[in-house]
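Engineer: Structure incoming, see below.
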Amino acid sequence: MPLLSVRNLNVEYRLPDLKIAVKALKGVSMDVNKGEIVSIVGESGSGKSTLALAIMRMLKPPAVVRGGSIYYNGVDILSLSEHEFNLKYKWVKVSMVPQASQNIFNPTMRIKDHFLDTARAHGISDEAEVLKRASEVLEFTKLDPARVFNLYPHQLSGGMKQRVAIALSLLLNPELVIMDEPTAALDVVTQMEILKLVKMINEELGTTIIFITHDISIVPMIASRVIVLYNGEVMEIGPTEDVIVDPKHPYTKALVQSIPSLSSSPEEVRPIPGEPPNPLEDIQGCPFWPRCQYAMDVCKVEKPGEYNVNGRVVRCHLYGK
Amino acid sequence: MGSDEYLVELKDVCVYFTERVGLFRKRVIKALDHVSLGIRENDVIAVVGESGAGKTTMGRVILGLQKPTSGLALFRGKDIYSLRGREFEEFRRSVQWVPQDPYSSLDPSLTIGEQLMAPIRRWNPKVNAEARAEELLKLVGLVPPSFYMNKYPHQLSGGQRQRVAIARSLASNPRLIVADEPVTMIDSSLRIGFVNTFIELMRRSSLSLVFITHDLALARILLLKSGRGRIVILRNGRIVEEGDVNEIINNPKDEYTKVLINAAPDLKRWLKNREEGV
Ligand SMILES: Nc1ncnc2c1ncn2[C@@H]1O[C@H](COP(=O)(O)OP(=O)(O)OP(=O)(O)O)[C@@H](O)[C@H]1O
Ligand SMILES: Nc1ncnc2c1ncn2[C@@H]1O[C@H](COP(=O)(O)OP(=O)(O)O)[C@@H](O)[C@H]1O
Ligand code: SF4
Ligand SMILES: [Mg+2]
Ligand SMILES: [Mg+2]
């Protein structure tokens with residue numbers, strides 16, 4: 001049984017003044033296995049953060065879950081009371097490093113108090129015990145607790161803030177950590193250090209990790225499996241190597257071709273044709289058809305099913321029958 | 001003073017900041033340390049370096065926003081920081097900037113049309129500001145322009161805002177644009193389209209570009225596509241290496257350049273290493 005299993009999840013953001021709903025997730029299903037690092041990749045607006053927040057049960061209005069289930073070790077966590085979820089799961093079993101975590105810190109609070117606050121929010125008030133544990137996780141992330149505890153957020157570099165955000169996520173020793181674009185604001189050298197840290201957490205602490213990114217070129221540096229999202233739907237799921245060496249879904253193909261390598265010729269790097277989807281527009285059929293060079297008539301009217309192609313999940317009519 | 005071979009030239013520029021450490025001690029931060037750089041007409045310079053390397057400071061010196069502690073910043077041979085009157089106006093018109101953060105640089109209370117028409121009226125009182133604004137939107141790929149003219153910044157995505165910032169920088173018909181990490185806030189899959197926008201702009205008019213980034217692979221594509229220019233590697237306020245982009249990537253002399261190259265995510269290198277079983 002997978003550690004986490006998302007089934008047919010639908011999430012909408014209701015926009016009251018527009019009398020319209022943005023369908024942020026449309027029937028998303030995916031699994032996370034115990035002990036792995038799995039990456040969720042997709043462009044801005046594809047629903048990555050919405051998925052992360054849904055798993056954490058941290059979605060706020062105007063977001064509404066319109067159906068589907070999220071199983072953690074077989075328990076549907078969406079059906080639990082908020083009290084029970086907070087007591088038994090949130091931060092205890094599943095925690096997260098939120099997007100733009102550089103900005104989550106309270107500028108008037110020392111780093112030490114951020115740890116005490118997080119612990120208190122989960123019912124732990126023994127300060128000495130919390131600070132002991134906080135020291136351990138800070139040391140693990142290669143920061144000096146004695147120094148960092150007394151600093152204010154603005155006194156930390158971007159890379160240090162990201163390490164503190166990761167240490168905070170580890171405070172209650174969770175089994176699963178969701179990291180939302182943890183390197184997006186960092187330069188490549190700092191990014192590399194954070195990727196090493198994430199790997200070390202996975203290998204030495206055995207923590208399962210969902211690593212969210214918009215940059216498919218860093219996926220092979222970190223994850224053994226990858227889930228490709230587009231416009232709120234899963235396009236392809238498979239082992240990182242297979243997906244990148246031989247992408248099956250036309251969107252994954254276009255994505256891989258749009259990112260330059262240090263040895264790419266200018267001709268082989270091509271933008272994905274057309275414009276990113278408008279979130280207010282409900283595209284009939286396959287969400288990628290307006291930009292897809294293989295689009296057929298059926299693609300415009302019928303949503304492709306989930307096809308199994310050599311052990312991979314691919315949602316594209318090219319692989320039907 | 002300097003020659004007017006260059007549009008903008010930095011000669012041995014230092015920018016030092018002093019920072020208080022504790023109660024009595026001070027520390028000097030060398031944001032730029034003896035930097036010399038010449039930018040010609042129709043030039044393309046990609047500036048690459050890690051966070052804190054001094055890239056933004058260098059951009060600010062070129063733009064007349066940060067007076068060097070020592071050394072000279074010249075516009076057509078004249079000291080930018082002594083320009084007055086018409087000469088200063090000419091400098092301001094000629095050198096424009098696309099700032100690092102499109103979220104804070106656009107005025108949230110103005111429509112896209114208003115953000116563009118204000119500088120157009122300032123620099124070109126005679127033209128039809130609305131028509132010119134629509135033209136600029138088309139140039140940066142925001143089509144149809146009428147769809148964007150009445151929108152507010154918060155109604156656009158990060159990438160679209162960044163394009164508006166570029167359109168605005170073009171309002172004065174500049175000769176040089178300094179783009180400070182214009183792609184950091186946008187998806188990696190959209191970055192190449194962005195580089196193509198700049199290439200297209202430079203193809204249409206005489207325009208130089210200083211492109212600040214830490215995406216080495218993207219900087220390389222920009223330089224190869226524009227068929228000119230060079231890369232400058234900045235570290236701790238110093239230029240550690242400068243020259244032809246392929247030469248530097250294939251044969252880096254500086255240790256830091258090697259670190260940058262090795263840290264750059266690279267699908268092709270990963271595929272190759274995998275085949276060779278590295
Ligand atoms: N006004 C200032 N006062 C004090 N220090 C400054 C000031 N402006 C810049 N610095 C320092 O100068 C150095 C270079 O800063 P700069 O902003 O140019 O770096 P950068 O390469 O643009 O980095 P980033 O990618 O993080 O924006 C840094 O150490 C920075 O903290
Ligand atoms: N608070 C909100 N109100 C309305 N729409 C939202 C809100 N947050 C997100 N959305 C929409 O939901 C979709 C998915 O957003 P998000 O999960 O944040 O994407 P990502 O993290 O991949 O950039 C987008 O179309 C976005 O515009
Ligand atoms: S279903 Fe059709 S439009 Fe969608 S990716 Fe496949 S071929 Fe393209
Ligand atoms: Mg997000
Ligand atoms: Mg900067």
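All residue names refer to the structure tokens as shown: chains lettered A, B, ... in order, residues numbered from 1 in each chain, ligands numbered from 1 in order.
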For stretch 174-184 of chain B, find every residue with an atom within 9 Å (counting only C-alpha atoms), except residues of its own chain fewer than 4 positions away, and show them as a PyMOL selection string.
Structural biologist: (chain A and resi 184-185) or (chain B and resi 7-8+39+41-43+55-56+59-60+62-63+92-102+159+162+166+169-170+188+190-191+194-195+205-215)
Engineer: Please, which residues of stretch 12-250 of chain B, numbered as in this document, come out strand (DSSP E) from DSSP, as a count of residues only?
Structural biologist: 65
Engineer: Mind dumping a table of every stretch 231-272 of chain A residue within 10 Å of stretch 267-270 of chain B, with the nearest atom pair and its distance in Å to one decimal, using only C-alpha atoms, sorted by chain and rising number, as CSV?
Structural biologist:
```
residue,atom,partner,partner_atom,distance
A:Glu241,CA,B:Trp270,CA,9.8
A:Ile244,CA,B:Leu267,CA,8.2
A:Val245,CA,B:Leu267,CA,9.2
A:Val256,CA,B:Leu267,CA,8.3
A:Gln257,CA,B:Leu267,CA,9.9
A:Ile259,CA,B:Leu267,CA,8.4
A:Pro260,CA,B:Leu267,CA,8.2
A:Ser261,CA,B:Lys268,CA,6.0
A:Leu262,CA,B:Lys268,CA,8.0
A:Ser263,CA,B:Lys268,CA,7.3
A:Ser264,CA,B:Lys268,CA,7.8
```
Engineer: Please report as a CSV table (one decimal) with C-alpha atoms, in the first residue's frame which residues of chain B come no farther than 10 Å from chain A, using only C-alpha atoms.
Structural biologist:
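The resulting file, selection_39.csv, is reproduced below:
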```csv
chain,number,residue,atom,x,y,z
B,49,GLY,CA,27.0,35.2,-10.8
B,50,GLU,CA,25.5,33.9,-7.6
B,51,SER,CA,23.3,35.9,-5.2
B,52,GLY,CA,25.2,38.8,-3.6
B,157,SER,CA,0.6,36.3,-14.3
B,158,GLY,CA,4.2,36.8,-13.3
B,159,GLY,CA,5.4,36.2,-16.8
B,184,THR,CA,13.8,34.4,-12.3
B,185,MET,CA,10.2,34.9,-11.5
B,186,ILE,CA,8.9,33.0,-14.5
B,187,ASP,CA,8.7,29.3,-15.3
B,188,SER,CA,11.7,27.7,-16.8
B,189,SER,CA,9.6,26.5,-19.7
B,190,LEU,CA,8.7,30.1,-20.6
B,191,ARG,CA,12.2,31.5,-20.3
B,192,ILE,CA,13.2,30.6,-23.8
B,193,GLY,CA,10.2,32.5,-25.2
B,194,PHE,CA,11.4,35.5,-23.3
B,195,VAL,CA,14.9,35.3,-24.7
B,196,ASN,CA,13.3,35.2,-28.1
B,213,THR,CA,20.9,36.1,-14.7
B,214,HIS,CA,22.1,33.1,-12.9
B,215,ASP,CA,20.8,30.7,-15.6
B,216,LEU,CA,24.0,30.0,-17.4
B,217,ALA,CA,22.4,27.8,-20.1
B,218,LEU,CA,19.9,30.5,-20.9
B,219,ALA,CA,22.6,33.2,-21.1
B,220,ARG,CA,24.4,31.0,-23.5
B,221,ILE,CA,21.4,30.6,-25.8
B,222,LEU,CA,20.8,34.4,-25.7
B,223,LEU,CA,24.3,35.0,-26.8
B,224,LEU,CA,24.4,32.3,-29.5
B,225,LYS,CA,21.0,33.5,-30.9
B,245,VAL,CA,30.4,32.0,-23.9
B,246,ASN,CA,31.3,28.7,-25.5
B,249,ILE,CA,31.8,27.1,-20.7
B,250,ASN,CA,34.0,24.5,-22.5
B,259,VAL,CA,31.6,25.6,-9.7
B,260,LEU,CA,28.8,27.6,-11.5
B,261,ILE,CA,29.0,25.2,-14.5
B,262,ASN,CA,28.9,22.1,-12.4
B,263,ALA,CA,25.9,23.4,-10.3
B,264,ALA,CA,23.9,24.3,-13.4
B,265,PRO,CA,21.0,21.8,-13.9
B,266,ASP,CA,21.6,20.2,-17.3
B,267,LEU,CA,19.5,17.5,-18.8
B,268,LYS,CA,21.9,16.7,-21.7
B,269,ARG,CA,24.9,16.3,-19.4
B,270,TRP,CA,22.8,14.1,-17.1
B,271,LEU,CA,21.8,11.9,-20.0
B,274,ARG,CA,24.0,8.2,-17.4
```
Engineer: Within 9 Å of ligand 3 (counting only C-alpha atoms and all ligand atoms), which residues show up? I'd like them as a PyMOL selection string.
Structural biologist: chain A and resi 235+249-251+285-300+302-305+314-319
Engineer: Counting only C-alpha atoms and all ligand atoms, figure out which residue out of B:Asn173, B:Gln160, B:Asn236, B:Ser226 gets nearest to ligand 1.
Structural biologist: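 Among the listed residues, B:Asn236 lies closest to ligand 1.
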Engineer: Could you give me, as a Markdown table, a per-residue list for chain A showing, wherever an atom lies at most 10 Å from an atom of ligand 4, the closest pair of atoms and their distance in Å to one decimal, using only C-alpha atoms and all ligand atoms and sorting by chain then residue number from low to high?
Structural biologist:
```
| residue | atom | partner | partner_atom_place_in_ligand_line | distance |
| --- | --- | --- | --- | --- |
| A:Gly42 | CA | ligand 4 | 1 (Mg) | 9.4 |
| A:Glu43 | CA | ligand 4 | 1 (Mg) | 8.8 |
| A:Ser44 | CA | ligand 4 | 1 (Mg) | 6.6 |
| A:Gly45 | CA | ligand 4 | 1 (Mg) | 7.1 |
| A:Ser46 | CA | ligand 4 | 1 (Mg) | 8.3 |
| A:Gly47 | CA | ligand 4 | 1 (Mg) | 7.1 |
| A:Lys48 | CA | ligand 4 | 1 (Mg) | 5.6 |
| A:Ser49 | CA | ligand 4 | 1 (Mg) | 4.3 |
| A:Thr50 | CA | ligand 4 | 1 (Mg) | 7.4 |
| A:Leu51 | CA | ligand 4 | 1 (Mg) | 9.4 |
| A:Ala52 | CA | ligand 4 | 1 (Mg) | 8.9 |
| A:Leu53 | CA | ligand 4 | 1 (Mg) | 9.9 |
| A:Pro98 | CA | ligand 4 | 1 (Mg) | 8.8 |
| A:Gln99 | CA | ligand 4 | 1 (Mg) | 6.1 |
| A:Ala100 | CA | ligand 4 | 1 (Mg) | 8.6 |
| A:Asp180 | CA | ligand 4 | 1 (Mg) | 6.7 |
| A:Glu181 | CA | ligand 4 | 1 (Mg) | 7.1 |
| A:Ile212 | CA | ligand 4 | 1 (Mg) | 8.3 |
| A:Thr213 | CA | ligand 4 | 1 (Mg) | 8.4 |
| A:His214 | CA | ligand 4 | 1 (Mg) | 8.6 |
```
Engineer: Just write the chosen residues, N, CA, C and O atoms, as a CSV table (one decimal), in the first residue's frame.
Structural biologist:
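Written output follows (out-v3.csv):
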```csv
chain,number,residue,atom,x,y,z
A,42,GLY,N,5.4,21.1,-12.9
A,42,GLY,CA,4.4,21.7,-13.8
A,42,GLY,C,4.6,23.2,-13.8
A,42,GLY,O,5.3,23.7,-12.9
A,43,GLU,N,4.0,23.8,-14.8
A,43,GLU,CA,4.2,25.3,-14.9
A,43,GLU,C,3.4,26.0,-13.9
A,43,GLU,O,2.5,25.5,-13.2
A,44,SER,N,3.6,27.3,-13.8
A,44,SER,CA,2.9,28.2,-12.9
A,44,SER,C,1.4,28.0,-13.1
A,44,SER,O,0.9,28.1,-14.3
A,45,GLY,N,0.6,27.9,-12.1
A,45,GLY,CA,-0.8,27.7,-12.2
A,45,GLY,C,-1.3,26.3,-12.5
A,45,GLY,O,-2.5,26.1,-12.7
A,46,SER,N,-0.4,25.3,-12.6
A,46,SER,CA,-0.8,24.0,-12.9
A,46,SER,C,-1.5,23.3,-11.7
A,46,SER,O,-2.0,22.2,-11.9
A,47,GLY,N,-1.4,23.9,-10.5
A,47,GLY,CA,-2.1,23.3,-9.4
A,47,GLY,C,-1.2,22.6,-8.4
A,47,GLY,O,-1.6,21.9,-7.4
A,48,LYS,N,0.1,22.8,-8.5
A,48,LYS,CA,1.1,22.1,-7.6
A,48,LYS,C,0.9,22.5,-6.1
A,48,LYS,O,0.7,21.7,-5.2
A,49,SER,N,0.8,23.8,-5.9
A,49,SER,CA,0.6,24.3,-4.5
A,49,SER,C,-0.8,23.9,-3.9
A,49,SER,O,-0.9,23.6,-2.8
A,50,THR,N,-1.8,24.0,-4.8
A,50,THR,CA,-3.1,23.6,-4.4
A,50,THR,C,-3.1,22.1,-3.9
A,50,THR,O,-3.7,21.8,-2.9
A,51,LEU,N,-2.4,21.3,-4.7
A,51,LEU,CA,-2.3,19.9,-4.3
A,51,LEU,C,-1.6,19.7,-3.0
A,51,LEU,O,-2.1,19.0,-2.1
A,52,ALA,N,-0.5,20.4,-2.8
A,52,ALA,CA,0.2,20.4,-1.5
A,52,ALA,C,-0.7,20.8,-0.4
A,52,ALA,O,-0.7,20.1,0.7
A,53,LEU,N,-1.4,21.9,-0.5
A,53,LEU,CA,-2.2,22.4,0.5
A,53,LEU,C,-3.4,21.5,0.8
A,53,LEU,O,-3.8,21.4,2.0
A,98,PRO,N,6.6,25.5,2.9
A,98,PRO,CA,5.7,26.2,1.9
A,98,PRO,C,6.5,27.0,0.8
A,98,PRO,O,7.7,27.2,1.0
A,99,GLN,N,5.8,27.3,-0.2
A,99,GLN,CA,6.4,28.0,-1.3
A,99,GLN,C,6.8,29.4,-0.8
A,99,GLN,O,6.1,30.0,0.1
A,100,ALA,N,7.9,29.9,-1.4
A,100,ALA,CA,8.4,31.3,-1.0
A,100,ALA,C,8.6,31.3,0.5
A,100,ALA,O,8.2,32.3,1.2
A,180,ASP,N,7.5,22.8,-1.3
A,180,ASP,CA,7.0,23.5,-2.5
A,180,ASP,C,8.0,24.5,-3.0
A,180,ASP,O,8.2,25.5,-2.5
A,181,GLU,N,8.6,24.1,-4.2
A,181,GLU,CA,9.6,24.9,-4.8
A,181,GLU,C,10.6,25.4,-3.9
A,181,GLU,O,10.9,26.7,-3.8
A,212,ILE,N,8.3,19.6,-5.1
A,212,ILE,CA,7.6,20.4,-6.1
A,212,ILE,C,8.5,21.3,-6.8
A,212,ILE,O,9.3,22.1,-6.2
A,213,THR,N,8.4,21.4,-8.1
A,213,THR,CA,9.3,22.3,-8.9
A,213,THR,C,8.6,22.7,-10.2
A,213,THR,O,7.8,21.9,-10.7
A,214,HIS,N,9.0,23.8,-10.8
A,214,HIS,CA,8.6,24.1,-12.1
A,214,HIS,C,9.7,23.8,-13.1
A,214,HIS,O,9.5,24.0,-14.3
```
Engineer: Could you check the closest approach to ligand 1 for each of B:Arg122, B:Arg204, B:Lys138, B:Arg20 and tell me which residue wins, using only C-alpha atoms and all ligand atoms?
Structural biologist: B:Arg20
Engineer: Mind pulling up the distance from atom CA of A:Lys93 to atom CA of A:Asp76?
Structural biologist: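 Going from atom CA of A:Asp76 over to atom CA of A:Lys93 covers 14.1 Å.
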Engineer: Counting only C-alpha atoms, what is within 6 Å of A:Val6, bar same-chain residues fewer than 6 positions away, as a list of chain:residue names?
Structural biologist: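 Contacts, in chain order: A:Ser29, A:Met30, A:Ser69, A:Ile70.
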